[in-house]
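Read the structure below first, then the notes.
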Amino acid sequence: VQERFGNQSFRMERKTIDLEQGWDYMQTGITKLKRILEGLPEPQFDSEQYMMLYTTIYNMCTQKPPHDYSQQLYDKYREAFEEYINSTVLPALKEKHDEYMLRELVKRWSNHKVMVRWLSRFFYYLDRYFIARRSLPPLNEVGLTCFRDRVYNELHSKVKDAVIALVDKEREGEQIDRALLKNVLDIYVEIGMGQMERYEADFESFMLLDSASYYSRKASSWIQEDSCPDYMLKSEECLKKERERVAHYLHSSSEPKLVEKVQHELLVVYANQLLEKEHSGCRALLRDDKVDDLSRMYRLYHKIAKGLEPVANIFKQHVTAEGNALVQQAEDTATNQAANIASVQEQVLIRKVIELHDKYMVYVVECFQSHTLFHKALKEAFEIFCNKTVAGSSSAELLATFCDNILKKGGSEKLSDEAIEDTLEKVVKLLAYISDKDLFAEFYRKKLARRLLFDRSANDDHERSILTKLKQQCGGQFTSKMEGMVTDLTLARENQTSFEEYLGNNPAANPGIDLTVTVLTTGFWPSYKSFDINLPSEMVKCVEVFKGFYETKTKHRKLTWIYSLGTCHLNGKFDHKPIELVVSTYQAAVLLLFNTTDKLSYNDILTQLNLSHEDLVRLLHSLSCARYKILTKEPSTKTVSQTDSFEFNAKFTDRMRRIKIPLPPVDERKKVVEDVDKDRRYAIDAAIVRIMKSRKVLGHQQLVSECVEQLSRMFKPDIKAIKKRMEDLITRDYLERDKENPNMFRYLA
Amino acid sequence: MSTKKILFKSSDGHLFEADEAVARQSTTISHPLEDCCAKADDEFLLPNVSGNILSLVIEYCKKHADVGSISEEDLKKWDAEFVLGMDQPTFFDLIRASNYQNIPSLIALTCQTIANMIADPNEIRATFEIKNDFTPEEEEKGHVTPVKSR
């Protein structure tokens, strides 16, 4: 396009518009707009007017200098707003107050926005190039800024007071115009032009202060007048109402701040007074099983930092007190009653502890939503009273006895299979709270042995079931021996069948007495004292026959006979009628002596059987001074003395055809405790060596604390014991003390 | 999609009709439409645009309103042909009209076309009749003084 067109290249078709002229024309448009806003009778703009106004601005901005009036028009645009605000808007607002003022403000703001929209359309061309070139604020912003600087800045404080007054009115129960408040507060947000600064600084901060002092006043009177549940109800209601308030007219960002303030005044400031209220506070609620109120307490304090700690604490104290009371009750009853009633009480105690656990576990799950603080509180509470002794029995022993009663035939608990399973489950859970788990294991093992060996186990499935549960909770090592014991019994039965087959095939070997032998694997079973007694010849033969049989099965094992666990069935040929006597092997040995002699002195028997005094006295007592007097004693005093003599009591009779003559049980408690202490010494040694082997060098404190931690799964080690074992290990050259620092220990490989 | 027809009136009284979609490419039209200034059968007066220019604008807008029916390449070809062969006065009027009516794509097209016309300073001078006001030294150095922004 190379043609020239001379000075006609830029054709100016338009006539130049002079500023004053052009502005006069714009004024007509602005005036029309104002009339429409004021609600005066005025028709709407039509498209021609619209285009003319736009075109006027366009032309005045695209004219050649000095008639390029962009800057002036930009200024006049702003001045149009300022003039209108000063002459009309502000006066209208300033003469009104309170709610009327708010309504006027909302109306004027709405009008202003309309005015900005329309004028910025007419003046649109300025937005296209001029503002960018001069880095000026766009038309929209200019308009809003006018309102902000001239109206908002003047009035926001007064407006804020009016709004807050209405809010407080609503809090007192009066109806207010919520939509109005929403519109007013929207102004604070919109005037910020994208930032929340104005809303926060000019309104929210004051509202929060006012709310805090409002609730502070309320709280201080409510805390005096109301019970804890009532106060909590009111608090919950207030929080609900404040949230609704936010939803209806406050900005959503105010919610957490407002809620925090209200919570603080109602729940944090008076937390202590509320929870500790004498007749209705947390303690009382727990005491009176007020689950709804406690749930509410949880809901309210859950949202507050560290709010639940005091509640959990009171819960823990309460449960501990209840537990301690149960223990004390059992203790008191035990000391006042005879031994057999005391043991019933111990059963009852465990039952009650289980019930207590069930009850408060429900609280933890339902009232306290399984929060860890409350699980912990429950656990700690139980750990406190579950480790107390009752009438000399440790809790470990009590629990083992409880299990024994459930699992043995004719136990004190008569329950359905399902109930038994359930109870066993709960018992295992209680075990978690007992620190001396190894002690429990030992007691349990002893009682299990008795159940298995004397065929007193009620149900094999239950026996296995509890072992599975214990294994799950405490690990395989805990139950490995016990499981071995149960397996031994099964093997023993198989073995017995083989033995009977063997006897069938070797009639010459038959001892003439029905013999049942149970072979036990030594490591699994508790250790049993068995003193060497001179067996009667019939029994000696039995032992030899079985030995012969056993050697056909294996030559690599040694049989050690535990006569103390044996049972014997004797036919007593009494004058009146024969009666079968079920006695221990030792008792049988004593009685069989009388087959050859009618009368024997204490010393005779002693020499013949080769027993200790303690054991013999016990035996003779059971046969002559107890319920069934198979032997008559001379003199017939209540106790056996070394000068007594004994005679077979041919006159003895009983209505039963078969009677069991029990030996009084030896107190196994002492032995169990001894055994456990011994095992603990080994366990501590092993733990120390294990730790030192991996750490090589370690300080005294740390070694002790790591030791405690490692062993805690099974028992709570005594610090003195640990120290003693450390010293021992030093003498055995496992460890040495550091030469410079005697508090440091070194592993010796 | 409304098929409302808009009437345009040029400065010399010619009437043109177009679909709303065509008209909306210009904010000068779309603004009053939004603000509900347009009643049915209303005419939009465009006092700054003569009939022959307005018809060109509408032709352009019609082509660019049908976005789906033509490929980008074809549209570019059409655009090039559209401005080709246009005499200068018409062309400059078209630029002004597109600015007045605020049709961004047309503004871009026309300005780009001018930019393409400019090859070297002598050509600019020749095309736009500008006096050479460089001193001989500046000429030699081939300086291009940056245009100061107003």
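Labels for the structure tokens follow display order: chains A, B, ..., residues from 1 in each chain, ligands from 1.
Excluding segment 447-451 of chain A itself and same-chain residues fewer than 2 positions from it, the residues having an atom within 10 Å of it are Ala400, Thr401, Cys403, Asp404, Asn405, Leu407, Lys408, Lys409, Ala441, Glu442, Phe443, Tyr444, Arg445, Leu453, Phe454, Asp455, Arg456, Ser457, Ala458, Glu463, Met482, Met485, Val486, Phe524, Trp525, Pro526, Leu565 and Glu668 of chain A, counting only C-alpha atoms.
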Legend entry - Test item: residues at most 7 Å from segment 493-498 of chain A, only C-alpha atoms, excluding those fewer than 4 positions along its chain, as a list in words: Leu489, Tyr502, Thr516 and Val517 of chain A
Inset, instruction - Just the residues within 10 Å of Gln608 of chain A, please, counting only C-alpha atoms, with nothing from its chain fewer than 2 positions along; format it as a ChimeraX atom specification. - result: /A:533-536,589-590,593,603-606,610-611
Could you write out the selected residues, including N, CA and C atoms, as a CSV table (one decimal), in the first residue's frame?
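What ended up in part17.csv:
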chain,number,residue,atom,x,y,z
A,533,ILE,N,10.1,-92.2,98.7
A,533,ILE,CA,9.5,-92.9,99.7
A,533,ILE,C,9.7,-94.4,99.4
A,534,ASN,N,9.7,-95.2,100.5
A,534,ASN,CA,9.8,-96.7,100.2
A,534,ASN,C,8.5,-97.2,99.8
A,535,LEU,N,8.4,-97.5,98.5
A,535,LEU,CA,7.1,-97.9,98.0
A,535,LEU,C,6.8,-99.3,98.4
A,536,PRO,N,5.6,-99.6,98.6
A,536,PRO,CA,5.2,-101.0,98.8
A,536,PRO,C,5.5,-101.8,97.6
A,589,ALA,N,0.5,-95.8,100.4
A,589,ALA,CA,1.7,-96.4,101.0
A,589,ALA,C,1.6,-96.7,102.5
A,590,VAL,N,1.1,-95.6,103.2
A,590,VAL,CA,0.8,-95.8,104.6
A,590,VAL,C,-0.2,-96.9,104.9
A,593,LEU,N,0.8,-100.5,104.7
A,593,LEU,CA,1.6,-101.1,105.7
A,593,LEU,C,0.7,-101.9,106.7
A,603,ASN,N,6.9,-93.9,114.8
A,603,ASN,CA,8.2,-94.2,114.4
A,603,ASN,C,8.4,-95.4,113.5
A,604,ASP,N,7.6,-96.4,113.7
A,604,ASP,CA,7.6,-97.5,112.8
A,604,ASP,C,7.3,-97.1,111.4
A,605,ILE,N,6.3,-96.4,111.3
A,605,ILE,CA,5.8,-95.9,110.0
A,605,ILE,C,6.9,-95.0,109.4
A,606,LEU,N,7.5,-94.2,110.2
A,606,LEU,CA,8.5,-93.2,109.8
A,606,LEU,C,9.7,-94.0,109.2
A,610,ASN,N,10.4,-94.0,105.3
A,610,ASN,CA,11.5,-93.1,105.0
A,610,ASN,C,11.1,-91.7,104.6
A,611,LEU,N,10.1,-91.2,105.4
A,611,LEU,CA,9.6,-89.8,105.1
A,611,LEU,C,10.1,-88.8,106.1
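With only C-alpha atoms taken into account, the protein and nucleic acid residues at most 10 Å from Glu634 of chain A (excluding it and anything under 3 positions from it in its own chain) are Ser601, Ser624, Leu631, Thr637, Val640, Ser641, Thr643, Asp644, Ser645, Phe646 and Glu647 of chain A.
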Residues from last step as file, C-alpha atoms, as a PDB file, in the first residue's frame:
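Produced file out14.pdb, reproduced below:
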ATOM      1  CA  SER A 601       3.714 -96.605 115.989  1.00  0.00           C
ATOM      2  CA  SER A 624      -6.806 -90.348 111.314  1.00  0.00           C
ATOM      3  CA  LEU A 631      -6.938 -95.266 111.026  1.00  0.00           C
ATOM      4  CA  THR A 637      -6.108 -86.106 120.147  1.00  0.00           C
ATOM      5  CA  VAL A 640      -0.544 -86.110 115.329  1.00  0.00           C
ATOM      6  CA  SER A 641       2.492 -86.313 117.569  1.00  0.00           C
ATOM      7  CA  THR A 643       4.476 -90.640 120.229  1.00  0.00           C
ATOM      8  CA  ASP A 644       1.214 -91.692 118.705  1.00  0.00           C
ATOM      9  CA  SER A 645       0.358 -95.125 117.456  1.00  0.00           C
ATOM     10  CA  PHE A 646      -2.063 -96.118 114.755  1.00  0.00           C
ATOM     11  CA  GLU A 647      -4.376 -98.989 114.038  1.00  0.00           C
TER      12      GLU A 647
END
Legend entry - Gap from atom CA of Met361 of chain A to atom CA of Leu373 of chain A - Å, one decimal: 12.7 Å
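What separates atom CA of His112 of chain A from atom CA of Ile36 of chain A is a distance of 12.0 Å.
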Inset, instruction - Pick out the residues sitting within 10 Å of Lys9 of chain B, and hand them over as a PyMOL selection string; count only C-alpha atoms, and ignore anything fewer than 5 positions along from it in its own chain. - result: chain B and resi 14-17+43-47+49-51+54
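Candidate residues B:Ala97, B:Asn116, B:His31, B:Ala80 were compared for distance to Ser10 of chain B, and the nearest is B:Ala97, using only C-alpha atoms.
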Inset, instruction - Write out as a PyMOL selection string which residues come within 10 Å of Leu470 of chain A when counting only C-alpha atoms, dropping same-chain ones fewer than 3 positions away. - result: chain A and resi 424-425+427-429+431+441+464-467+473-476+478-479
Inset, instruction - Could you pull out the residues in segment 27-100 of chain B that DSSP calls alpha helix (DSSP H) from the backbone, as a PyMOL selection string? - result: chain B and resi 27-34+51-65+72-83+88-100
